[in-house]
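Quick notes on the structure that follows.
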Amino acid sequence: EIGSRTAPEDYFVFCYSGHGSSVENPDAPTGLDCLLCLRNNGNDETMVDNEIAETITDYFHPDSRILILCDACKSGGIMDADTPGIWGRLKACAISGCQEYQCSVDTGNGGVMTNALLKCINHKAIRQMRKRRAASVQYIFNRMVEFMPDNEGSSSDYSSDEWDSQWGSDEESYYSSDYSDDYSDDERLGEDDGYQDLNLSWPGGCDPSRIAFPF
């Protein structure tokens with residue numbers, strides 16, 4: 001129903017906060033499928049990553065923009081972005097709470113990823129950028145990483161002026177390729193670190209540093 005109403009350049013935001021899991025799949029590029037663990041009339045149900053991807057690509061306009069926000073365990077591959085031939089020319093990306101082999105923490109007042117996102121988008125400098133549509137999905141993701149707990153040098157202690165000096169707040173900063181490379185795969189945390197590592201994924205041909213964060 002929602003897909004039938006989308007037009008070119010429209011945004012569809014799929015936000016999920018809840019239980020997640022993964023199962024082995026030897027046909028998947030990473031060997032794992034990500035699952036959303038749902039409840040329906042008291043019964044446990046699951047939604048598999050490729051089901052989510054195929055539903056969106058089957059019913060949404062090919063020139064619409066897709067943002068998935070998934071604060072759940074094992075959610076790093078929830079978009080199934082590494083499976084070729086699914087997403088076509090859709091501009092789509094997903095911010096997930098952790099990698100496929102990690103668990104996401106619930107603080108008792110929302111998930112850690114959700115809290116990092118809220119702190120980020122409510123920061124004075126970023127609110128100003130968002131009003132101008134000058135904050136990309138990549139930029140928001142990189143700043144969310146800074147707001148994760150127990151991350152040395154967290155930007156959560158910065159004043160607005162210090163934030164602008166550190167990260168920049170103008171539209172040129174949005175298009176800077178430096179932001180796309182702030183966190184390389186080599187810096188990701190491993191399975192045994194007891195820490196959740198935020199994940200940003202997108203299909204080939206899509207550049208999250210060129211997609212404005214929609215809200």
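Residue numbering restarts at 1 in every chain; chains get A, B, ... in the order shown in the structure tokens, and ligands count up from 1 in that same order.
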Checklist entry - Got a sec to tell me which of segment 48-169 of chain A DSSP assigns to strand (DSSP E or B), as a list of chain:residue names? => result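 Going through segment 48-169 of chain A, the strand (DSSP E or B) residues come out as A:Val48, A:Arg65, A:Ile66, A:Leu67, A:Ile68, A:Leu69, A:Cys70, A:Asp71, A:Lys91, A:Ala92, A:Cys93, A:Ala94, A:Ile95, A:Ser96, A:Asp106, A:Gly111, A:Ser136.
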Next on the checklist: Please list as a VMD selection string every residue within 10 Å of Asn50 of chain A, counting only C-alpha atoms and excluding residues in the same chain fewer than 2 positions away.
Outcome noted: chain A and resid 28 33 to 35 47 to 48 52 to 56 77 to 81 83 86
Grab the residues selected above and save them as an mmCIF file, in the first residue's frame with N, CA, C and O atoms.
```cif
data_model
loop_
_atom_site.group_PDB
_atom_site.id
_atom_site.type_symbol
_atom_site.label_atom_id
_atom_site.label_comp_id
_atom_site.auth_asym_id
_atom_site.auth_seq_id
_atom_site.Cartn_x
_atom_site.Cartn_y
_atom_site.Cartn_z
ATOM 1 N N ALA A 28 24.295 -17.392 0.916
ATOM 2 C CA ALA A 28 24.457 -15.956 1.142
ATOM 3 C C ALA A 28 25.931 -15.578 1.064
ATOM 4 O O ALA A 28 26.800 -16.366 1.451
ATOM 5 N N ASP A 33 21.984 -15.261 7.007
ATOM 6 C CA ASP A 33 20.803 -14.449 6.757
ATOM 7 C C ASP A 33 20.420 -13.743 8.044
ATOM 8 O O ASP A 33 20.454 -14.341 9.131
ATOM 9 N N CYS A 34 20.066 -12.471 7.938
ATOM 10 C CA CYS A 34 19.594 -11.721 9.089
ATOM 11 C C CYS A 34 18.082 -11.835 9.208
ATOM 12 O O CYS A 34 17.370 -11.837 8.195
ATOM 13 N N LEU A 35 17.592 -11.904 10.446
ATOM 14 C CA LEU A 35 16.165 -12.081 10.692
ATOM 15 C C LEU A 35 15.648 -10.996 11.629
ATOM 16 O O LEU A 35 16.332 -10.598 12.571
ATOM 17 N N MET A 47 11.055 -12.405 9.762
ATOM 18 C CA MET A 47 11.155 -11.822 8.431
ATOM 19 C C MET A 47 12.620 -11.857 8.043
ATOM 20 O O MET A 47 13.484 -11.332 8.758
ATOM 21 N N VAL A 48 12.933 -12.488 6.910
ATOM 22 C CA VAL A 48 14.314 -12.692 6.467
ATOM 23 C C VAL A 48 14.770 -11.494 5.638
ATOM 24 O O VAL A 48 13.960 -10.841 4.963
ATOM 25 N N ILE A 52 12.625 -8.778 3.045
ATOM 26 C CA ILE A 52 12.492 -7.326 3.195
ATOM 27 C C ILE A 52 12.934 -6.627 1.918
ATOM 28 O O ILE A 52 12.235 -5.756 1.382
ATOM 29 N N ALA A 53 14.107 -6.994 1.419
ATOM 30 C CA ALA A 53 14.652 -6.361 0.219
ATOM 31 C C ALA A 53 13.739 -6.567 -0.986
ATOM 32 O O ALA A 53 13.440 -5.621 -1.730
ATOM 33 N N GLU A 54 13.268 -7.776 -1.197
ATOM 34 C CA GLU A 54 12.441 -8.068 -2.372
ATOM 35 C C GLU A 54 11.085 -7.390 -2.284
ATOM 36 O O GLU A 54 10.532 -6.949 -3.305
ATOM 37 N N THR A 55 10.521 -7.284 -1.078
ATOM 38 C CA THR A 55 9.243 -6.594 -0.930
ATOM 39 C C THR A 55 9.375 -5.125 -1.306
ATOM 40 O O THR A 55 8.534 -4.574 -2.040
ATOM 41 N N ILE A 56 10.441 -4.481 -0.826
ATOM 42 C CA ILE A 56 10.634 -3.070 -1.148
ATOM 43 C C ILE A 56 10.889 -2.872 -2.633
ATOM 44 O O ILE A 56 10.280 -2.007 -3.282
ATOM 45 N N GLY A 77 23.323 -7.254 8.165
ATOM 46 C CA GLY A 77 22.996 -7.556 6.772
ATOM 47 C C GLY A 77 21.520 -7.472 6.461
ATOM 48 O O GLY A 77 21.060 -8.072 5.486
ATOM 49 N N ILE A 78 20.762 -6.711 7.268
ATOM 50 C CA ILE A 78 19.304 -6.735 7.146
ATOM 51 C C ILE A 78 18.816 -6.227 5.800
ATOM 52 O O ILE A 78 17.722 -6.565 5.352
ATOM 53 N N MET A 79 19.631 -5.446 5.109
ATOM 54 C CA MET A 79 19.233 -4.918 3.806
ATOM 55 C C MET A 79 19.536 -5.889 2.675
ATOM 56 O O MET A 79 19.060 -5.711 1.569
ATOM 57 N N ASP A 80 20.339 -6.914 2.979
ATOM 58 C CA ASP A 80 20.774 -7.866 1.957
ATOM 59 C C ASP A 80 21.449 -7.140 0.786
ATOM 60 O O ASP A 80 21.268 -7.500 -0.378
ATOM 61 N N ALA A 81 22.231 -6.124 1.125
ATOM 62 C CA ALA A 81 22.843 -5.284 0.099
ATOM 63 C C ALA A 81 23.932 -6.002 -0.674
ATOM 64 O O ALA A 81 24.271 -5.603 -1.792
ATOM 65 N N THR A 83 23.833 -9.026 -1.855
ATOM 66 C CA THR A 83 23.304 -9.972 -2.832
ATOM 67 C C THR A 83 23.028 -9.222 -4.128
ATOM 68 O O THR A 83 22.198 -8.307 -4.155
ATOM 69 N N ILE A 86 19.290 -7.398 -6.680
ATOM 70 C CA ILE A 86 18.050 -7.135 -5.943
ATOM 71 C C ILE A 86 17.612 -5.675 -6.057
ATOM 72 O O ILE A 86 16.460 -5.378 -6.384
#
```
Next on the checklist: Please determine, counting only C-alpha atoms, which residue among A:Thr6, A:Asn43, A:Ser64, A:Asn199 has the shortest atom-to-atom distance to Ile211 of chain A.
Outcome noted: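 Nearest candidate to Ile211 of chain A out of A:Thr6, A:Asn43, A:Ser64, A:Asn199: A:Ser64.
Contact shell of segment 92-96 of chain A at 7 Å (only C-alpha atoms; same-chain neighbours under 4 positions omitted): Arg65, Ile66, Leu67, Ile68, Leu69, Cys70, Asp71, Ser75, Gly76, Met79, Leu198, Asn199, Leu200, Ser201, Trp202, Cys206 and Pro208 of chain A.
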Item to check | Residue list (alpha helix (DSSP H), DSSP) for segment 31-177 of chain A, as a ChimeraX atom specification | outcome: /A:49-59,112-121,124-131,137-147,160-167,171-174
Would you mind listing what lies within 10 Å of segment 104-106 of chain A as a PDB file with all heavy atoms, in the first residue's frame, with only C-alpha atoms counted and same-chain residues fewer than 3 positions away left out?
```pdb
ATOM      1  N   SER A  17      12.848  -1.504  15.756  1.00  0.00           N
ATOM      2  CA  SER A  17      13.588  -1.656  17.004  1.00  0.00           C
ATOM      3  C   SER A  17      12.982  -2.833  17.750  1.00  0.00           C
ATOM      4  O   SER A  17      11.809  -2.801  18.121  1.00  0.00           O
ATOM      5  CB  SER A  17      13.494  -0.374  17.845  1.00  0.00           C
ATOM      6  OG  SER A  17      14.233  -0.502  19.039  1.00  0.00           O
ATOM      7  N   GLY A  18      13.765  -3.882  17.921  1.00  0.00           N
ATOM      8  CA  GLY A  18      13.237  -5.088  18.544  1.00  0.00           C
ATOM      9  C   GLY A  18      14.240  -6.215  18.469  1.00  0.00           C
ATOM     10  O   GLY A  18      15.446  -5.991  18.354  1.00  0.00           O
ATOM     11  N   HIS A  19      13.724  -7.429  18.500  1.00  0.00           N
ATOM     12  CA  HIS A  19      14.599  -8.599  18.495  1.00  0.00           C
ATOM     13  C   HIS A  19      15.054  -8.941  17.076  1.00  0.00           C
ATOM     14  O   HIS A  19      14.286  -8.843  16.117  1.00  0.00           O
ATOM     15  CB  HIS A  19      13.876  -9.806  19.098  1.00  0.00           C
ATOM     16  CG  HIS A  19      13.621  -9.674  20.567  1.00  0.00           C
ATOM     17  ND1 HIS A  19      14.638  -9.579  21.495  1.00  0.00           N
ATOM     18  CD2 HIS A  19      12.464  -9.605  21.275  1.00  0.00           C
ATOM     19  CE1 HIS A  19      14.122  -9.465  22.698  1.00  0.00           C
ATOM     20  NE2 HIS A  19      12.809  -9.468  22.600  1.00  0.00           N
ATOM     21  N   GLY A  20      16.312  -9.351  16.960  1.00  0.00           N
ATOM     22  CA  GLY A  20      16.858  -9.806  15.699  1.00  0.00           C
ATOM     23  C   GLY A  20      17.712 -11.036  15.910  1.00  0.00           C
ATOM     24  O   GLY A  20      18.151 -11.331  17.023  1.00  0.00           O
ATOM     25  N   ASP A  71      17.504  -1.273  14.743  1.00  0.00           N
ATOM     26  CA  ASP A  71      18.169  -1.384  16.041  1.00  0.00           C
ATOM     27  C   ASP A  71      17.835  -2.761  16.610  1.00  0.00           C
ATOM     28  O   ASP A  71      16.889  -2.924  17.383  1.00  0.00           O
ATOM     29  CB  ASP A  71      17.675  -0.265  16.963  1.00  0.00           C
ATOM     30  CG  ASP A  71      18.530  -0.136  18.219  1.00  0.00           C
ATOM     31  OD1 ASP A  71      19.394  -1.004  18.435  1.00  0.00           O
ATOM     32  OD2 ASP A  71      18.336   0.835  18.973  1.00  0.00           O
ATOM     33  N   ALA A  72      18.603  -3.754  16.204  1.00  0.00           N
ATOM     34  CA  ALA A  72      18.325  -5.141  16.587  1.00  0.00           C
ATOM     35  C   ALA A  72      19.611  -5.945  16.541  1.00  0.00           C
ATOM     36  O   ALA A  72      20.571  -5.572  15.855  1.00  0.00           O
ATOM     37  CB  ALA A  72      17.287  -5.761  15.648  1.00  0.00           C
ATOM     38  N   CYS A  73      19.636  -7.052  17.262  1.00  0.00           N
ATOM     39  CA  CYS A  73      20.779  -7.954  17.220  1.00  0.00           C
ATOM     40  C   CYS A  73      20.954  -8.557  15.827  1.00  0.00           C
ATOM     41  O   CYS A  73      19.990  -8.723  15.085  1.00  0.00           O
ATOM     42  CB  CYS A  73      20.598  -9.083  18.237  1.00  0.00           C
ATOM     43  SG  CYS A  73      20.606  -8.566  19.959  1.00  0.00           S
ATOM     44  N   LYS A  74      22.201  -8.850  15.475  1.00  0.00           N
ATOM     45  CA  LYS A  74      22.542  -9.569  14.238  1.00  0.00           C
ATOM     46  C   LYS A  74      22.048  -8.858  12.988  1.00  0.00           C
ATOM     47  O   LYS A  74      21.755  -9.498  11.972  1.00  0.00           O
ATOM     48  CB  LYS A  74      21.945 -10.993  14.259  1.00  0.00           C
ATOM     49  CG  LYS A  74      22.043 -11.717  15.591  1.00  0.00           C
ATOM     50  CD  LYS A  74      23.451 -12.101  15.952  1.00  0.00           C
ATOM     51  CE  LYS A  74      23.478 -12.972  17.201  1.00  0.00           C
ATOM     52  NZ  LYS A  74      24.830 -13.357  17.617  1.00  0.00           N
ATOM     53  N   SER A  75      21.940  -7.528  13.024  1.00  0.00           N
ATOM     54  CA  SER A  75      21.215  -6.799  11.978  1.00  0.00           C
ATOM     55  C   SER A  75      22.104  -6.216  10.883  1.00  0.00           C
ATOM     56  O   SER A  75      21.614  -5.506  10.011  1.00  0.00           O
ATOM     57  CB  SER A  75      20.400  -5.668  12.613  1.00  0.00           C
ATOM     58  OG  SER A  75      21.224  -4.814  13.391  1.00  0.00           O
ATOM     59  N   SER A  96      22.379  -0.037  10.766  1.00  0.00           N
ATOM     60  CA  SER A  96      22.026  -1.135  11.662  1.00  0.00           C
ATOM     61  C   SER A  96      22.790  -1.007  12.971  1.00  0.00           C
ATOM     62  O   SER A  96      23.893  -0.461  13.016  1.00  0.00           O
ATOM     63  CB  SER A  96      22.350  -2.486  11.015  1.00  0.00           C
ATOM     64  OG  SER A  96      21.694  -2.619   9.771  1.00  0.00           O
ATOM     65  N   GLY A  97      22.207  -1.568  14.046  1.00  0.00           N
ATOM     66  CA  GLY A  97      22.772  -1.426  15.374  1.00  0.00           C
ATOM     67  C   GLY A  97      24.062  -2.184  15.596  1.00  0.00           C
ATOM     68  O   GLY A  97      24.833  -1.845  16.501  1.00  0.00           O
ATOM     69  N   CYS A  98      24.314  -3.218  14.781  1.00  0.00           N
ATOM     70  CA  CYS A  98      25.512  -4.028  15.006  1.00  0.00           C
ATOM     71  C   CYS A  98      25.792  -4.862  13.759  1.00  0.00           C
ATOM     72  O   CYS A  98      25.050  -4.799  12.776  1.00  0.00           O
ATOM     73  CB  CYS A  98      25.329  -4.933  16.222  1.00  0.00           C
ATOM     74  SG  CYS A  98      23.971  -6.113  16.063  1.00  0.00           S
ATOM     75  N   GLN A  99      26.859  -5.656  13.825  1.00  0.00           N
ATOM     76  CA  GLN A  99      27.212  -6.553  12.738  1.00  0.00           C
ATOM     77  C   GLN A  99      26.393  -7.850  12.819  1.00  0.00           C
ATOM     78  O   GLN A  99      25.688  -8.092  13.805  1.00  0.00           O
ATOM     79  CB  GLN A  99      28.702  -6.868  12.794  1.00  0.00           C
ATOM     80  CG  GLN A  99      29.588  -5.639  12.768  1.00  0.00           C
ATOM     81  CD  GLN A  99      29.404  -4.795  11.511  1.00  0.00           C
ATOM     82  OE1 GLN A  99      29.437  -5.313  10.399  1.00  0.00           O
ATOM     83  NE2 GLN A  99      29.194  -3.500  11.680  1.00  0.00           N
ATOM     84  N   ASN A 109      16.116   2.293  28.333  1.00  0.00           N
ATOM     85  CA  ASN A 109      15.473   3.515  27.852  1.00  0.00           C
ATOM     86  C   ASN A 109      15.753   3.656  26.363  1.00  0.00           C
ATOM     87  O   ASN A 109      16.214   4.682  25.877  1.00  0.00           O
ATOM     88  CB  ASN A 109      15.993   4.739  28.615  1.00  0.00           C
ATOM     89  CG  ASN A 109      15.220   6.003  28.276  1.00  0.00           C
ATOM     90  OD1 ASN A 109      14.048   5.950  27.898  1.00  0.00           O
ATOM     91  ND2 ASN A 109      15.874   7.147  28.393  1.00  0.00           N
ATOM     92  N   GLY A 110      15.495   2.567  25.633  1.00  0.00           N
ATOM     93  CA  GLY A 110      15.780   2.542  24.208  1.00  0.00           C
ATOM     94  C   GLY A 110      17.096   1.864  23.904  1.00  0.00           C
ATOM     95  O   GLY A 110      17.970   1.737  24.769  1.00  0.00           O
ATOM     96  N   GLY A 111      17.258   1.431  22.671  1.00  0.00           N
ATOM     97  CA  GLY A 111      18.484   0.780  22.249  1.00  0.00           C
ATOM     98  C   GLY A 111      19.634   1.769  22.136  1.00  0.00           C
ATOM     99  O   GLY A 111      19.431   2.978  21.951  1.00  0.00           O
ATOM    100  N   VAL A 112      20.863   1.252  22.222  1.00  0.00           N
ATOM    101  CA  VAL A 112      22.048   2.105  22.135  1.00  0.00           C
ATOM    102  C   VAL A 112      22.102   2.823  20.791  1.00  0.00           C
ATOM    103  O   VAL A 112      22.400   4.022  20.717  1.00  0.00           O
ATOM    104  CB  VAL A 112      23.324   1.261  22.355  1.00  0.00           C
ATOM    105  CG1 VAL A 112      24.570   2.050  21.995  1.00  0.00           C
ATOM    106  CG2 VAL A 112      23.405   0.805  23.807  1.00  0.00           C
ATOM    107  N   MET A 113      21.792   2.111  19.696  1.00  0.00           N
ATOM    108  CA  MET A 113      21.806   2.753  18.380  1.00  0.00           C
ATOM    109  C   MET A 113      20.774   3.870  18.307  1.00  0.00           C
ATOM    110  O   MET A 113      21.047   4.964  17.801  1.00  0.00           O
ATOM    111  CB  MET A 113      21.533   1.724  17.288  1.00  0.00           C
ATOM    112  CG  MET A 113      21.350   2.357  15.909  1.00  0.00           C
ATOM    113  SD  MET A 113      20.571   1.271  14.705  1.00  0.00           S
ATOM    114  CE  MET A 113      19.621   2.464  13.761  1.00  0.00           C
ATOM    115  N   THR A 114      19.561   3.602  18.795  1.00  0.00           N
ATOM    116  CA  THR A 114      18.496   4.604  18.754  1.00  0.00           C
ATOM    117  C   THR A 114      18.888   5.843  19.545  1.00  0.00           C
ATOM    118  O   THR A 114      18.686   6.983  19.096  1.00  0.00           O
ATOM    119  CB  THR A 114      17.192   4.024  19.309  1.00  0.00           C
ATOM    120  OG1 THR A 114      16.800   2.901  18.500  1.00  0.00           O
ATOM    121  CG2 THR A 114      16.073   5.052  19.285  1.00  0.00           C
ATOM    122  N   ASN A 115      19.480   5.646  20.725  1.00  0.00           N
ATOM    123  CA  ASN A 115      19.906   6.783  21.534  1.00  0.00           C
ATOM    124  C   ASN A 115      21.005   7.584  20.846  1.00  0.00           C
ATOM    125  O   ASN A 115      21.026   8.818  20.913  1.00  0.00           O
ATOM    126  CB  ASN A 115      20.387   6.306  22.903  1.00  0.00           C
ATOM    127  CG  ASN A 115      19.233   5.893  23.804  1.00  0.00           C
ATOM    128  OD1 ASN A 115      18.133   6.409  23.684  1.00  0.00           O
ATOM    129  ND2 ASN A 115      19.478   4.957  24.706  1.00  0.00           N
ATOM    130  N   TYR A 195      31.309  -5.580  22.293  1.00  0.00           N
ATOM    131  CA  TYR A 195      30.885  -4.223  21.932  1.00  0.00           C
ATOM    132  C   TYR A 195      30.143  -4.293  20.613  1.00  0.00           C
ATOM    133  O   TYR A 195      30.502  -5.063  19.738  1.00  0.00           O
ATOM    134  CB  TYR A 195      32.111  -3.324  21.803  1.00  0.00           C
ATOM    135  CG  TYR A 195      31.807  -1.869  21.560  1.00  0.00           C
ATOM    136  CD1 TYR A 195      31.511  -1.014  22.615  1.00  0.00           C
ATOM    137  CD2 TYR A 195      31.809  -1.360  20.268  1.00  0.00           C
ATOM    138  CE1 TYR A 195      31.236   0.324  22.378  1.00  0.00           C
ATOM    139  CE2 TYR A 195      31.533  -0.019  20.034  1.00  0.00           C
ATOM    140  CZ  TYR A 195      31.250   0.820  21.096  1.00  0.00           C
ATOM    141  OH  TYR A 195      30.986   2.136  20.877  1.00  0.00           O
ATOM    142  N   GLN A 196      29.089  -3.490  20.488  1.00  0.00           N
ATOM    143  CA  GLN A 196      28.371  -3.488  19.222  1.00  0.00           C
ATOM    144  C   GLN A 196      28.917  -2.421  18.305  1.00  0.00           C
ATOM    145  O   GLN A 196      29.219  -1.307  18.717  1.00  0.00           O
ATOM    146  CB  GLN A 196      26.872  -3.293  19.441  1.00  0.00           C
ATOM    147  CG  GLN A 196      26.466  -1.939  19.991  1.00  0.00           C
ATOM    148  CD  GLN A 196      24.987  -1.860  20.278  1.00  0.00           C
ATOM    149  OE1 GLN A 196      24.540  -2.275  21.337  1.00  0.00           O
ATOM    150  NE2 GLN A 196      24.228  -1.333  19.325  1.00  0.00           N
ATOM    151  N   ASP A 197      29.064  -2.776  17.061  1.00  0.00           N
ATOM    152  CA  ASP A 197      29.694  -1.923  16.063  1.00  0.00           C
ATOM    153  C   ASP A 197      28.637  -1.536  15.042  1.00  0.00           C
ATOM    154  O   ASP A 197      28.151  -2.383  14.294  1.00  0.00           O
ATOM    155  CB  ASP A 197      30.825  -2.716  15.407  1.00  0.00           C
ATOM    156  CG  ASP A 197      31.673  -1.877  14.480  1.00  0.00           C
ATOM    157  OD1 ASP A 197      31.609  -0.642  14.572  1.00  0.00           O
ATOM    158  OD2 ASP A 197      32.394  -2.473  13.670  1.00  0.00           O
ATOM    159  N   LEU A 198      28.240  -0.269  15.004  1.00  0.00           N
ATOM    160  CA  LEU A 198      27.232   0.185  14.056  1.00  0.00           C
ATOM    161  C   LEU A 198      27.634  -0.168  12.630  1.00  0.00           C
ATOM    162  O   LEU A 198      28.812  -0.203  12.289  1.00  0.00           O
ATOM    163  CB  LEU A 198      27.038   1.695  14.170  1.00  0.00           C
ATOM    164  CG  LEU A 198      26.459   2.246  15.472  1.00  0.00           C
ATOM    165  CD1 LEU A 198      26.275   3.758  15.357  1.00  0.00           C
ATOM    166  CD2 LEU A 198      25.159   1.568  15.836  1.00  0.00           C
TER     167      LEU A 198
END
```
